[in-house]
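S.K.: One structure, pasted below without further comment.
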Amino acid sequence: EAQVTQNPRYLITVTGKKLTVTCSQNMNHEYMSWYRQDPGLGLRQIYYSMNVEVTDKGDVPEGYKVSRKEKRNFPLILESPSPNQTSLYFCASRISSGGTIYETQYFGPGTRLLVL
Amino acid sequence: GENVEQHPSTLSVQEGDSAVIKCTYSDSASNYFPWYKQELGKGPQLIIDIRSNVGEKKDQRIAVTLNKTAKHFSLHITETQPEDSAVYFCAARTPFRDDKIIFGKGTRLHILP
């Protein structure tokens with residue numbers, strides 16, 4: 001079954017304690033993204049990767065890091081979490097075609113993070 | 001860059017009635033417009049999409065229309081049912097630059113019994 005998995009699904013942590021949210025996809029997609037969803041603000045892209053070892057900032061990258069060492073995995077790292085990073089996080093993946101193929105984007109189930 | 005505006009932010013309709021959600025986009029180069037449905041506790045899922053060379057697309061009770069001149073696109077849900085209650089996101093994709101998908105802020109649709 002084609003899917004994007006995220007772990008953990010729920011996380012409560014304290015300010016300053018480094019954490020990693022894992023993301024994995026089994027569709028051999030080149031393009032992977034992280035989004036955060038906040039009430040009234042919709043889905044905002046944090047970071048994206050167009051292929052292995054290629055990452056770039058999205059619209060709200062401050063306080064986050066990512067890496068793309070393998071095609072299937074795209075972890076999100078919060079080096080020193082703060083309360084304003086309390087949010088619902090989604091990983092997503094799709095084919096990267098430069099716009100020549102209209103391929104849907106698949107989302108993971110989400111990770112709800114609370115930073116105290 | 002692309003900007004997508006979505007209205008309304010909340011919509012309540014009686015079961016069986018129709019619901020319409022409207023979006024506008026700013027970049028005339030955008031050529032693909034997906035709509036996502038997000039149910040409680042889940043990630044967004046694609047429900048219908050439209051390409052810029054098509055004016056309308058229908059899939060059972062769901063239809064999407066696109067007006068390229070006005071840079072408007074809309075989602076229409078007919079004969080609404082309780083399972084249509086969810087958050088809906090429109091999006092626009094701009095090819096060839098950074099190939100990004102930009103989302104609207106979402107519409108929370110309530111189907112009233």
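We label chains A, B, ... in the order they appear in the structure tokens, count residues from 1 in each chain, and number ligands from 1 in the order shown.
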Per residue of chain A within 10 Å of chain B, which atom pair is closest and at what distance in Å (one decimal), using only C-alpha atoms, listed by chain and increasing number, as CSV?
M.R.:
residue,atom,partner,partner_atom,distance
A:Val4,CA,B:Gly43,CA,9.9
A:Tyr31,CA,B:Asp99,CA,9.6
A:Ser33,CA,B:Lys100,CA,9.9
A:Gln37,CA,B:Lys105,CA,9.4
A:Asp38,CA,B:Lys105,CA,9.5
A:Pro39,CA,B:Lys105,CA,8.8
A:Gly40,CA,B:Lys105,CA,6.5
A:Leu41,CA,B:Lys105,CA,5.5
A:Gly42,CA,B:Lys105,CA,3.9
A:Leu43,CA,B:Phe103,CA,6.3
A:Arg44,CA,B:Phe103,CA,7.7
A:Gln45,CA,B:Ile102,CA,8.5
A:Tyr48,CA,B:Lys100,CA,9.2
A:Met50,CA,B:Asp98,CA,8.9
A:Asp56,CA,B:Asp98,CA,9.8
A:Gly58,CA,B:Lys100,CA,9.3
A:Leu88,CA,B:Gly43,CA,9.9
A:Tyr89,CA,B:Gly43,CA,9.4
A:Phe90,CA,B:Gly43,CA,7.0
A:Cys91,CA,B:Gly43,CA,8.9
A:Ala92,CA,B:Gly43,CA,9.2
A:Ser96,CA,B:Asp99,CA,7.7
A:Ser97,CA,B:Asp99,CA,8.1
A:Gly98,CA,B:Phe96,CA,4.7
A:Gly99,CA,B:Pro95,CA,4.1
A:Thr100,CA,B:Pro95,CA,7.5
A:Ile101,CA,B:Pro95,CA,9.6
A:Tyr102,CA,B:Tyr32,CA,7.1
A:Glu103,CA,B:Tyr32,CA,9.6
A:Thr104,CA,B:Leu46,CA,6.9
A:Gln105,CA,B:Leu46,CA,7.6
A:Tyr106,CA,B:Gln45,CA,7.0
A:Phe107,CA,B:Gly43,CA,5.6
A:Gly108,CA,B:Gly43,CA,5.7
A:Pro109,CA,B:Gly43,CA,4.6
A:Gly110,CA,B:Gly43,CA,5.9
A:Thr111,CA,B:Gly43,CA,9.6
A:Arg112,CA,B:Gly41,CA,9.6
S.K.: Assign secondary structure with DSSP using the backbone only, and return the residues of chain A in strand (DSSP E or B) as an NGL selection string.
M.R.: :A and (4-7 or 10-13 or 19-25 or 31-38 or 42-51 or 54-57 or 65-66 or 73 or 76-78 or 87-94 or 106-107 or 111-115)
S.K.: Nearest to B:Glu5: which of B:Ala29, B:Ala63, B:Ala92, B:Cys23 is it, counting only C-alpha atoms?
M.R.: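 Result for the nearest residue to B:Glu5: B:Cys23.
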S.K.: Which polymer residues have any atom within 8 Å of an atom of B:Asn3, counting only C-alpha atoms, with same-chain residues fewer than 5 positions away left out, as a list in words?
M.R.: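 Neighbouring residues, sequence-local ones excluded: Tyr25, Ser26, Asp27 and Ile102 of chain B.
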S.K.: Taking into account only C-alpha atoms, which residue in the set B:His110, B:Arg61, B:Lys22, B:Lys68 is nearest to B:Ala91?
M.R.: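 Distance minimum relative to B:Ala91 lands on B:Lys22.
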S.K.: Residues within 9 Å of B:Thr78, please, as a PyMOL selection string. Count only C-alpha atoms; anything in the same chain fewer than 2 positions from it doesn't count.
M.R.: chain B and resi 16-20+60-63+76+80-81
S.K.: Output all heavy atoms of each residue in that selection to a file, as a PDB file, in the first residue's frame.
M.R.:
ATOM      1  N   GLY B  16     -28.045  17.578   2.357  1.00  0.00           N
ATOM      2  CA  GLY B  16     -28.812  17.507   1.124  1.00  0.00           C
ATOM      3  C   GLY B  16     -28.659  18.736   0.244  1.00  0.00           C
ATOM      4  O   GLY B  16     -28.921  18.676  -0.962  1.00  0.00           O
ATOM      5  N   ASP B  17     -28.259  19.862   0.868  1.00  0.00           N
ATOM      6  CA  ASP B  17     -28.026  21.082   0.097  1.00  0.00           C
ATOM      7  C   ASP B  17     -26.635  21.047  -0.530  1.00  0.00           C
ATOM      8  O   ASP B  17     -25.847  20.130  -0.282  1.00  0.00           O
ATOM      9  CB  ASP B  17     -28.162  22.305   0.994  1.00  0.00           C
ATOM     10  CG  ASP B  17     -29.601  22.572   1.382  1.00  0.00           C
ATOM     11  OD1 ASP B  17     -30.520  21.918   0.795  1.00  0.00           O
ATOM     12  OD2 ASP B  17     -29.840  23.414   2.276  1.00  0.00           O
ATOM     13  N   SER B  18     -26.340  22.072  -1.338  1.00  0.00           N
ATOM     14  CA  SER B  18     -25.038  22.167  -1.996  1.00  0.00           C
ATOM     15  C   SER B  18     -24.098  23.081  -1.208  1.00  0.00           C
ATOM     16  O   SER B  18     -24.540  23.979  -0.498  1.00  0.00           O
ATOM     17  CB  SER B  18     -25.204  22.714  -3.413  1.00  0.00           C
ATOM     18  OG  SER B  18     -25.938  21.817  -4.212  1.00  0.00           O
ATOM     19  N   ALA B  19     -22.822  22.814  -1.365  1.00  0.00           N
ATOM     20  CA  ALA B  19     -21.784  23.649  -0.739  1.00  0.00           C
ATOM     21  C   ALA B  19     -20.818  24.114  -1.828  1.00  0.00           C
ATOM     22  O   ALA B  19     -20.472  23.334  -2.728  1.00  0.00           O
ATOM     23  CB  ALA B  19     -21.037  22.863   0.325  1.00  0.00           C
ATOM     24  N   VAL B  20     -20.399  25.380  -1.721  1.00  0.00           N
ATOM     25  CA  VAL B  20     -19.448  25.931  -2.687  1.00  0.00           C
ATOM     26  C   VAL B  20     -18.314  26.616  -1.932  1.00  0.00           C
ATOM     27  O   VAL B  20     -18.555  27.431  -1.032  1.00  0.00           O
ATOM     28  CB  VAL B  20     -20.114  26.958  -3.629  1.00  0.00           C
ATOM     29  CG1 VAL B  20     -19.079  27.510  -4.611  1.00  0.00           C
ATOM     30  CG2 VAL B  20     -21.281  26.326  -4.361  1.00  0.00           C
ATOM     31  N   GLN B  60     -18.800  12.355  -9.538  1.00  0.00           N
ATOM     32  CA  GLN B  60     -19.990  12.046  -8.739  1.00  0.00           C
ATOM     33  C   GLN B  60     -20.558  13.326  -8.149  1.00  0.00           C
ATOM     34  O   GLN B  60     -21.017  14.190  -8.901  1.00  0.00           O
ATOM     35  CB  GLN B  60     -19.648  10.989  -7.684  1.00  0.00           C
ATOM     36  CG  GLN B  60     -19.173   9.677  -8.294  1.00  0.00           C
ATOM     37  CD  GLN B  60     -18.862   8.602  -7.269  1.00  0.00           C
ATOM     38  OE1 GLN B  60     -18.859   8.818  -6.063  1.00  0.00           O
ATOM     39  NE2 GLN B  60     -18.610   7.410  -7.742  1.00  0.00           N
ATOM     40  N   ARG B  61     -20.547  13.494  -6.835  1.00  0.00           N
ATOM     41  CA  ARG B  61     -21.181  14.687  -6.239  1.00  0.00           C
ATOM     42  C   ARG B  61     -20.244  15.886  -6.153  1.00  0.00           C
ATOM     43  O   ARG B  61     -20.636  16.955  -5.687  1.00  0.00           O
ATOM     44  CB  ARG B  61     -21.676  14.341  -4.832  1.00  0.00           C
ATOM     45  CG  ARG B  61     -22.768  13.288  -4.783  1.00  0.00           C
ATOM     46  CD  ARG B  61     -23.297  13.121  -3.361  1.00  0.00           C
ATOM     47  NE  ARG B  61     -22.267  12.631  -2.439  1.00  0.00           N
ATOM     48  CZ  ARG B  61     -21.686  13.373  -1.500  1.00  0.00           C
ATOM     49  NH1 ARG B  61     -22.013  14.658  -1.332  1.00  0.00           N
ATOM     50  NH2 ARG B  61     -20.775  12.842  -0.691  1.00  0.00           N
ATOM     51  N   ILE B  62     -19.016  15.706  -6.583  1.00  0.00           N
ATOM     52  CA  ILE B  62     -18.019  16.773  -6.470  1.00  0.00           C
ATOM     53  C   ILE B  62     -17.661  17.295  -7.854  1.00  0.00           C
ATOM     54  O   ILE B  62     -17.481  16.512  -8.794  1.00  0.00           O
ATOM     55  CB  ILE B  62     -16.748  16.236  -5.766  1.00  0.00           C
ATOM     56  CG1 ILE B  62     -17.071  15.876  -4.322  1.00  0.00           C
ATOM     57  CG2 ILE B  62     -15.624  17.253  -5.809  1.00  0.00           C
ATOM     58  CD1 ILE B  62     -15.930  15.178  -3.623  1.00  0.00           C
ATOM     59  N   ALA B  63     -17.555  18.603  -7.969  1.00  0.00           N
ATOM     60  CA  ALA B  63     -17.141  19.221  -9.220  1.00  0.00           C
ATOM     61  C   ALA B  63     -16.205  20.387  -8.913  1.00  0.00           C
ATOM     62  O   ALA B  63     -16.306  21.012  -7.841  1.00  0.00           O
ATOM     63  CB  ALA B  63     -18.343  19.708 -10.021  1.00  0.00           C
ATOM     64  N   HIS B  76     -17.491  22.447  -5.803  1.00  0.00           N
ATOM     65  CA  HIS B  76     -18.928  22.342  -5.612  1.00  0.00           C
ATOM     66  C   HIS B  76     -19.246  20.931  -5.118  1.00  0.00           C
ATOM     67  O   HIS B  76     -18.852  19.949  -5.761  1.00  0.00           O
ATOM     68  CB  HIS B  76     -19.674  22.581  -6.932  1.00  0.00           C
ATOM     69  CG  HIS B  76     -19.338  23.890  -7.581  1.00  0.00           C
ATOM     70  ND1 HIS B  76     -20.221  24.946  -7.612  1.00  0.00           N
ATOM     71  CD2 HIS B  76     -18.216  24.309  -8.210  1.00  0.00           C
ATOM     72  CE1 HIS B  76     -19.644  25.970  -8.246  1.00  0.00           C
ATOM     73  NE2 HIS B  76     -18.438  25.613  -8.617  1.00  0.00           N
ATOM     74  N   THR B  80     -25.151  17.197  -0.186  1.00  0.00           N
ATOM     75  CA  THR B  80     -24.189  16.974   0.900  1.00  0.00           C
ATOM     76  C   THR B  80     -24.683  15.933   1.900  1.00  0.00           C
ATOM     77  O   THR B  80     -25.884  15.806   2.181  1.00  0.00           O
ATOM     78  CB  THR B  80     -23.881  18.276   1.634  1.00  0.00           C
ATOM     79  OG1 THR B  80     -25.105  18.898   2.030  1.00  0.00           O
ATOM     80  CG2 THR B  80     -23.089  19.218   0.748  1.00  0.00           C
ATOM     81  N   GLN B  81     -23.713  15.201   2.439  1.00  0.00           N
ATOM     82  CA  GLN B  81     -23.980  14.133   3.400  1.00  0.00           C
ATOM     83  C   GLN B  81     -23.127  14.361   4.642  1.00  0.00           C
ATOM     84  O   GLN B  81     -22.131  15.090   4.594  1.00  0.00           O
ATOM     85  CB  GLN B  81     -23.647  12.784   2.761  1.00  0.00           C
ATOM     86  CG  GLN B  81     -24.479  12.495   1.531  1.00  0.00           C
ATOM     87  CD  GLN B  81     -24.004  11.278   0.749  1.00  0.00           C
ATOM     88  OE1 GLN B  81     -23.069  10.585   1.156  1.00  0.00           O
ATOM     89  NE2 GLN B  81     -24.653  11.011  -0.376  1.00  0.00           N
TER      90      GLN B  81
END
S.K.: When you draw a straight line from atom CA of A:Leu113 to atom CA of B:Pro8, how long is it in Å?
M.R.: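 Going from atom CA of A:Leu113 over to atom CA of B:Pro8 covers 27.6 Å.
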